$ cat query_31.txt   # compact mmCIF, C-alpha atoms
# COMPACT_ATOMS: atom_id res chain seq x y z
CA GLU A 1 -0.92 123.34 85.17
CA ARG A 2 1.84 120.89 84.37
CA GLU A 3 0.60 120.58 80.78
CA ARG A 4 0.57 124.36 80.37
CA GLU A 5 4.15 124.44 81.64
CA ARG A 6 5.18 121.82 79.06
CA GLU A 7 3.47 123.84 76.32
CA ARG A 8 5.37 126.98 77.34
CA GLU A 9 8.61 124.99 77.24
CA ARG A 10 7.80 123.71 73.74
CA GLU A 11 7.01 127.22 72.52
CA SER A 12 10.21 128.53 74.09
CA ALA A 13 12.26 125.77 72.44
CA GLN A 14 10.74 126.58 69.05
CA ILE A 15 11.57 130.28 69.43
CA TRP A 16 15.20 129.55 70.34
CA GLN A 17 15.50 127.07 67.50
CA LEU A 18 14.34 129.70 65.03
CA MET A 19 16.85 132.15 66.46
CA GLU A 20 19.62 129.56 65.97
CA VAL A 21 20.98 130.20 69.45
CA LYS A 22 23.41 127.62 70.79
CA VAL A 23 22.25 125.62 73.77
CA MET A 24 24.47 125.30 76.84
CA HIS A 25 23.60 122.52 79.27
CA HIS A 26 24.16 122.71 83.02
CA SER A 27 23.89 120.05 85.70
CA THR A 28 24.44 119.64 89.43
CA SER A 29 25.15 115.93 89.13
CA PHE A 30 28.51 116.56 90.81
CA LEU A 31 26.51 116.66 94.06
CA LEU A 32 25.37 113.07 93.47
CA PRO A 33 27.46 109.99 94.35
CA SER A 34 27.81 108.98 90.70
CA LEU A 35 27.68 110.68 87.30
CA SER A 36 25.05 108.64 85.51
CA SER A 37 24.06 110.14 82.16
CA ASP A 38 26.27 110.62 79.11
CA ARG A 39 25.91 114.40 79.34
CA GLU A 40 26.90 114.54 82.99
CA SER A 41 29.85 112.18 82.60
CA SER A 42 31.13 114.21 79.63
CA PHE A 43 32.06 117.12 81.89
CA ALA A 44 35.70 117.25 82.96
CA TYR A 45 35.61 118.51 86.54
CA ALA A 46 38.37 120.42 88.28
CA LEU A 47 38.22 121.51 91.93
CA VAL A 48 39.58 124.66 93.56
CA VAL A 49 39.62 124.85 97.37
CA LEU A 50 39.51 128.36 98.87
CA ASN A 51 40.22 129.62 102.38
CA GLN A 52 36.69 129.31 103.77
CA ARG A 53 34.95 126.49 105.62
CA LEU A 54 34.76 123.42 103.41
CA PRO A 55 31.24 122.42 102.31
CA ARG A 56 30.09 119.09 103.77
CA PHE A 57 30.12 117.53 100.28
CA THR A 58 33.78 118.41 99.55
CA PRO A 59 34.85 114.71 99.53
CA LEU A 60 32.29 114.13 96.76
CA LEU A 61 33.63 117.03 94.71
CA TRP A 62 37.13 115.66 95.20
CA LYS A 63 36.01 112.25 93.93
CA HIS A 64 34.58 113.71 90.70
CA ALA A 65 37.48 116.08 89.99
CA LYS A 66 40.36 115.12 87.74
CA LEU A 67 42.47 118.06 88.89
CA ARG A 68 42.51 119.46 92.46
CA VAL A 69 44.02 122.85 93.26
CA CYS A 70 44.31 124.64 96.60
CA ALA A 71 44.37 128.43 96.49
CA ASP A 72 46.95 129.49 99.09
CA GLY A 73 45.16 129.27 102.49
CA GLY A 74 42.73 126.75 101.02
CA ALA A 75 45.48 124.24 101.73
CA ASN A 76 45.10 125.00 105.46
CA ARG A 77 41.38 124.24 105.18
CA LEU A 78 42.05 120.98 103.38
CA TYR A 79 44.66 119.95 105.96
CA ASP A 80 42.57 120.94 109.01
CA GLU A 81 39.02 120.14 107.94
CA MET A 82 39.10 117.17 105.58
CA PRO A 83 39.87 114.72 108.47
CA LEU A 84 36.73 116.00 110.23
CA PHE A 85 34.59 114.39 107.52
CA PHE A 86 36.07 111.00 108.49
CA PRO A 87 36.11 110.98 112.30
CA GLN A 88 36.65 107.21 112.49
CA LYS A 89 39.84 107.32 110.42
CA ASP A 90 43.39 108.39 111.18
CA PRO A 91 43.76 112.13 110.32
CA LEU A 92 47.21 111.61 108.85
CA GLU A 93 45.87 108.90 106.55
CA ILE A 94 43.12 111.24 105.33
CA ARG A 95 45.57 114.08 104.75
CA ARG A 96 47.77 111.82 102.67
CA SER A 97 44.78 110.52 100.70
CA TYR A 98 43.47 114.00 99.90
CA LYS A 99 46.64 115.51 98.46
CA PRO A 100 46.16 118.46 96.09
CA ASP A 101 47.80 118.35 92.69
CA VAL A 102 48.69 122.03 92.95
CA VAL A 103 48.95 124.68 95.67
CA LYS A 104 49.01 128.13 94.06
CA GLY A 105 48.71 131.74 95.16
CA ASP A 106 50.65 134.55 96.75
CA MET A 107 51.41 132.22 99.70
CA ASP A 108 50.68 134.77 102.41
CA SER A 109 48.12 132.57 104.20
CA ILE A 110 49.31 128.98 103.97
CA ARG A 111 51.07 127.76 107.11
CA ARG A 112 54.65 126.60 106.71
CA GLU A 113 53.97 123.11 108.09
CA VAL A 114 51.07 122.68 105.66
CA LEU A 115 53.17 123.84 102.70
CA ASP A 116 55.98 121.47 103.68
CA PHE A 117 53.55 118.57 104.21
CA TYR A 118 52.02 118.78 100.75
CA SER A 119 55.35 119.59 99.08
CA ASN A 120 56.84 116.43 100.57
CA LEU A 121 53.89 114.43 99.23
CA GLY A 122 54.59 115.71 95.73
CA SER A 123 52.09 118.58 95.32
CA ASN A 124 53.23 121.22 92.87
CA THR A 125 53.59 124.47 94.85
CA ILE A 126 53.56 127.68 92.81
CA ASP A 127 54.38 131.01 94.47
CA GLU A 128 52.89 133.95 92.59
CA SER A 129 53.46 136.61 95.24
CA HIS A 130 54.83 138.87 92.50
CA ASP A 131 51.27 139.23 91.13
CA GLN A 132 49.16 141.38 93.47
CA ASP A 133 46.65 142.45 90.81
CA THR A 134 44.67 139.19 90.69
CA THR A 135 43.10 137.08 93.42
CA ASP A 136 44.27 133.60 94.33
CA LEU A 137 41.12 132.18 92.73
CA HIS A 138 41.91 134.03 89.49
CA LYS A 139 45.43 132.59 89.55
CA CYS A 140 44.09 129.04 90.04
CA ILE A 141 41.46 129.33 87.30
CA SER A 142 44.08 130.69 84.91
CA HIS A 143 46.36 127.76 85.75
CA ILE A 144 43.61 125.20 85.10
CA CYS A 145 42.70 126.86 81.79
CA ASN A 146 46.34 126.86 80.70
CA LEU A 147 46.54 123.12 81.40
CA THR A 148 43.34 122.37 79.45
CA PRO A 149 43.56 121.95 75.66
CA GLU A 150 41.24 124.27 73.70
CA SER A 151 39.32 121.28 72.35
CA GLU A 152 38.45 120.19 75.90
CA LYS A 153 37.43 123.59 77.33
CA PRO A 154 33.75 123.32 76.25
CA ASN A 155 33.40 120.35 78.64
CA LEU A 156 35.51 121.83 81.45
CA CYS A 157 33.61 122.58 84.68
CA ILE A 158 35.52 124.14 87.58
CA LEU A 159 33.99 123.66 91.03
CA VAL A 160 35.08 126.17 93.69
CA ALA A 161 34.64 125.04 97.31
CA GLY A 162 34.53 127.66 100.04
CA ALA A 163 33.75 130.47 97.59
CA LEU A 164 30.86 131.98 99.54
CA GLY A 165 30.61 133.16 103.13
CA GLY A 166 32.99 135.30 105.12
CA ARG A 167 33.94 138.76 103.93
CA PHE A 168 31.68 140.25 101.24
CA ASP A 169 34.60 141.81 99.33
CA HIS A 170 36.05 138.30 98.95
CA GLU A 171 32.70 137.06 97.64
CA ALA A 172 32.52 139.99 95.20
CA GLY A 173 36.04 139.18 94.03
CA ASN A 174 35.04 135.56 93.43
CA ILE A 175 31.98 136.66 91.44
CA ASN A 176 34.22 138.96 89.41
CA VAL A 177 36.34 135.92 88.48
CA LEU A 178 33.19 134.32 87.00
CA TYR A 179 32.96 137.27 84.63
CA CYS A 180 36.70 137.30 83.88
CA PHE A 181 36.37 133.69 82.65
CA SER A 182 32.75 133.79 81.49
CA ASN A 183 33.49 131.38 78.62
CA ILE A 184 34.36 128.65 81.16
CA ARG A 185 31.86 126.85 83.39
CA ILE A 186 32.81 127.90 86.93
CA ILE A 187 30.53 127.13 89.88
CA LEU A 188 30.99 128.84 93.25
CA LEU A 189 29.86 126.62 96.12
CA SER A 190 29.00 126.85 99.80
CA ASP A 191 27.01 124.53 102.04
CA ASP A 192 23.86 126.48 101.22
CA CYS A 193 23.95 127.47 97.55
CA LEU A 194 25.81 127.68 94.28
CA ILE A 195 26.39 130.55 91.84
CA GLN A 196 27.42 130.52 88.19
CA VAL A 197 27.26 132.82 85.16
CA LEU A 198 24.87 132.17 82.27
CA ILE A 199 26.47 133.89 79.29
CA ARG A 200 24.32 135.89 76.89
CA THR A 201 25.63 134.14 73.76
CA HIS A 202 23.76 130.92 74.62
CA HIS A 203 20.35 129.63 75.54
CA HIS A 204 20.72 127.76 78.81
CA LYS A 205 19.10 124.50 79.80
CA ILE A 206 19.59 123.73 83.50
CA HIS A 207 18.99 120.09 84.43
CA VAL A 208 17.80 120.09 88.03
CA GLN A 209 18.60 117.28 90.46
CA PRO A 210 15.74 117.89 92.96
CA SER A 211 17.19 115.49 95.52
CA VAL A 212 20.15 117.82 96.09
CA VAL A 213 19.22 121.34 94.93
CA GLY A 214 16.26 123.73 95.00
CA PRO A 215 13.61 124.76 95.07
CA HIS A 216 14.78 128.33 95.78
CA CYS A 217 16.68 130.08 93.00
CA GLY A 218 17.44 133.43 91.46
CA LEU A 219 18.57 135.20 88.28
CA ILE A 220 20.54 138.37 88.85
CA PRO A 221 21.98 140.90 86.38
CA ILE A 222 25.38 142.25 87.41
CA GLY A 223 27.04 145.40 86.11
CA MET A 224 24.29 146.53 83.73
CA PRO A 225 20.54 146.23 83.16
CA SER A 226 19.32 143.12 81.39
CA GLY A 227 16.73 144.22 78.85
CA HIS A 228 15.14 140.96 77.69
CA ASN A 229 14.85 137.81 79.81
CA THR A 230 12.67 134.75 79.20
CA THR A 231 12.49 131.61 81.33
CA THR A 232 10.55 128.39 81.75
CA GLY A 233 10.44 125.99 84.68
CA LEU A 234 10.04 128.64 87.40
CA LYS A 235 7.06 129.58 89.56
CA TRP A 236 7.44 133.20 88.46
CA ASN A 237 8.69 132.98 84.88
CA LEU A 238 10.08 135.93 82.98
CA THR A 239 8.65 136.73 79.55
CA ASP A 240 10.81 139.22 77.67
CA THR A 241 11.19 140.97 81.03
CA GLU A 242 13.70 143.67 81.93
CA MET A 243 15.78 143.19 85.09
CA LYS A 244 18.03 145.71 86.78
CA PHE A 245 19.13 146.88 90.20
CA GLY A 246 16.73 149.58 91.31
CA GLY A 247 13.98 147.64 89.52
CA LEU A 248 13.00 143.99 89.14
CA VAL A 249 15.52 141.31 90.09
CA SER A 250 14.38 137.67 90.09
CA THR A 251 15.33 136.57 93.61
CA SER A 252 13.50 134.06 95.83
CA ASN A 253 12.04 132.34 92.80
CA ILE A 254 10.99 128.66 92.89
CA ILE A 255 11.92 125.79 90.56
CA THR A 256 8.79 123.89 89.51
CA GLY A 257 10.19 121.04 87.42
CA ASP A 258 13.33 119.16 86.51
CA THR A 259 14.44 121.59 83.80
CA VAL A 260 14.86 125.37 83.78
CA THR A 261 15.52 127.27 80.57
CA VAL A 262 16.94 130.80 80.43
CA TYR A 263 17.42 133.19 77.55
CA SER A 264 18.81 136.69 78.08
CA ASP A 265 20.46 139.49 76.14
CA SER A 266 23.04 139.90 78.92
CA ASP A 267 25.10 137.73 81.22
CA LEU A 268 23.18 136.66 84.34
CA LEU A 269 24.10 135.10 87.64
CA TRP A 270 22.16 131.90 88.32
CA THR A 271 21.92 130.78 91.93
CA VAL A 272 20.12 127.83 93.45
CA SER A 273 19.87 126.55 96.99
CA ILE A 274 21.60 123.31 98.00
CA LYS A 275 19.57 121.05 100.24
CA SER A 276 20.79 120.17 103.70
CA ARG A 277 21.06 116.56 104.85
CA ASP A 278 17.67 116.64 106.61
CA GLN A 279 15.68 118.06 103.66
$ encode --input "query_31.txt" --output "structure tokens"
Amino acid sequence: ERERERERERESAQIWQLMEVKVMHHSTSFLLPSLSSDRESSFAYALVVLNQRLPRFTPLLWKHAKLRVCADGGANRLYDEMPLFFPQKDPLEIRRSYKPDVVKGDMDSIRREVLDFYSNLGSNTIDESHDQDTTDLHKCISHICNLTPESEKPNLCILVAGALGGRFDHEAGNINVLYCFSNIRIILLSDDCLIQVLIRTHHHKIHVQPSVVGPHCGLIPIGMPSGHNTTTGLKWNLTDTEMKFGGLVSTSNIITGDTVTVYSDSDLLWTVSIKSRDQ
């Protein structure tokens, strides 16, 4: 069975090579203590903290990120919840250690004492209350993109903590941001799973870290039917298969190896489960 799977992967690679489709690599190495391979260490990570419960691995994301941004009320979460990850340490010391570079949004959720605390530490606070047409996450992603030179954007990966859970309209708004910036790697994270967009202009090779993610996963078309989808590395692979709401959608699939490949004629959402501590 494993040999048949390798053969399907080889055939798939040959097809994509003939089609001269660019390959986009993806990794969840940011959930590991260290970034080991050249490919993983080449990503430039940025972190956005939203106003939902912080995932248990937030300190790890913070460690890997070169730029840390709180979206409005996300600063409250950072202030209140980051010390809980270090119960043996002084909360004030933790708050000073985990200082965001930027606090940005319409500033209708951040508490005054939190805003003053981070401002006094030197965080750049940006009030965009004049803009009510975009979400705080959209504002933060736009800010990060504006700070990133064009030559570095192919390696930019923006991690969004607290993006899932809570109100569904907030989740839908966060997913919409993925599509607004589909040319940028953006990964929405909760304790349980991650979501990102796989754009149709590329063949995607997902490098799986089985110690931290999987095996459950899904590929979901959003906004329109997806006429042709082919995968390898899944228990129920797609072979030039149509997906659409009201028809087939590849949810509750299972990763079978350490690499998943995806080719589609439309943008897809990729989601994979994140393992809990006891798994």
$ atom_distance --input "query_31.txt" --atom1 "CA of Arg77 (chain A)" --atom2 "CA of Ala161 (chain A)"
10.4 Å
$ residues_around --input "query_31.txt" --residues "Ser129 (chain A)" --least-positions-apart "3" --cutoff "9 Å" --atoms "all atoms listed in the file" --output "ChimeraX atom specification"
/A:105-108,132
$ write_last_selection --input "query_31.txt" --atoms "C-alpha atoms" --output "PDB file, keeping the file's coordinate frame"
ATOM      1  CA  GLY A 105      48.710 131.740  95.160  1.00  0.00           C
ATOM      2  CA  ASP A 106      50.650 134.550  96.750  1.00  0.00           C
ATOM      3  CA  MET A 107      51.410 132.220  99.700  1.00  0.00           C
ATOM      4  CA  ASP A 108      50.680 134.770 102.410  1.00  0.00           C
ATOM      5  CA  GLN A 132      49.160 141.380  93.470  1.00  0.00           C
TER       6      GLN A 132
END
$ closest_residue --input "query_31.txt" --among "A:Gly233, A:Pro33, A:Gly227, A:Gly247" --to "Trp62 (chain A)" --atoms "all atoms listed in the file"
A:Pro33
$ residues_around --input "query_31.txt" --residues "Ile175 (chain A)" --least-positions-apart "2" --cutoff "10 Å" --atoms "all atoms listed in the file" --output "ChimeraX atom specification"
/A:163-164,169-173,177-180,186-188,195-197,222,269
$ residues_near_point --input "query_31.txt" --point "(14.1, 140.7, 86.5)" --cutoff "8 Å" --atoms "only C-alpha atoms" --output "PyMOL selection string"
chain A and resi 219-221+226+229+238+241-244+247-250
$ closest_residue --input "query_31.txt" --among "A:Val272, A:Cys70, A:Val213, A:Cys157" --to "His25 (chain A)" --atoms "only C-alpha atoms"
A:Cys157
$ closest_residue --input "query_31.txt" --among "A:Asn146, A:Ser264, A:Asn253, A:Ser190" --to "His202 (chain A)" --atoms "only C-alpha atoms"
A:Ser264
$ closest_residue --input "query_31.txt" --among "A:Gly73, A:Ser142, A:Ile110, A:Ser252" --to "Arg53 (chain A)" --atoms "all atoms listed in the file"
A:Gly73
$ atom_distance --input "query_31.txt" --atom1 "CA of Phe86 (chain A)" --atom2 "CA of Ser273 (chain A)"
25.2 Å
$ atom_distance --input "query_31.txt" --atom1 "CA of Asn51 (chain A)" --atom2 "CA of Arg96 (chain A)"
19.3 Å
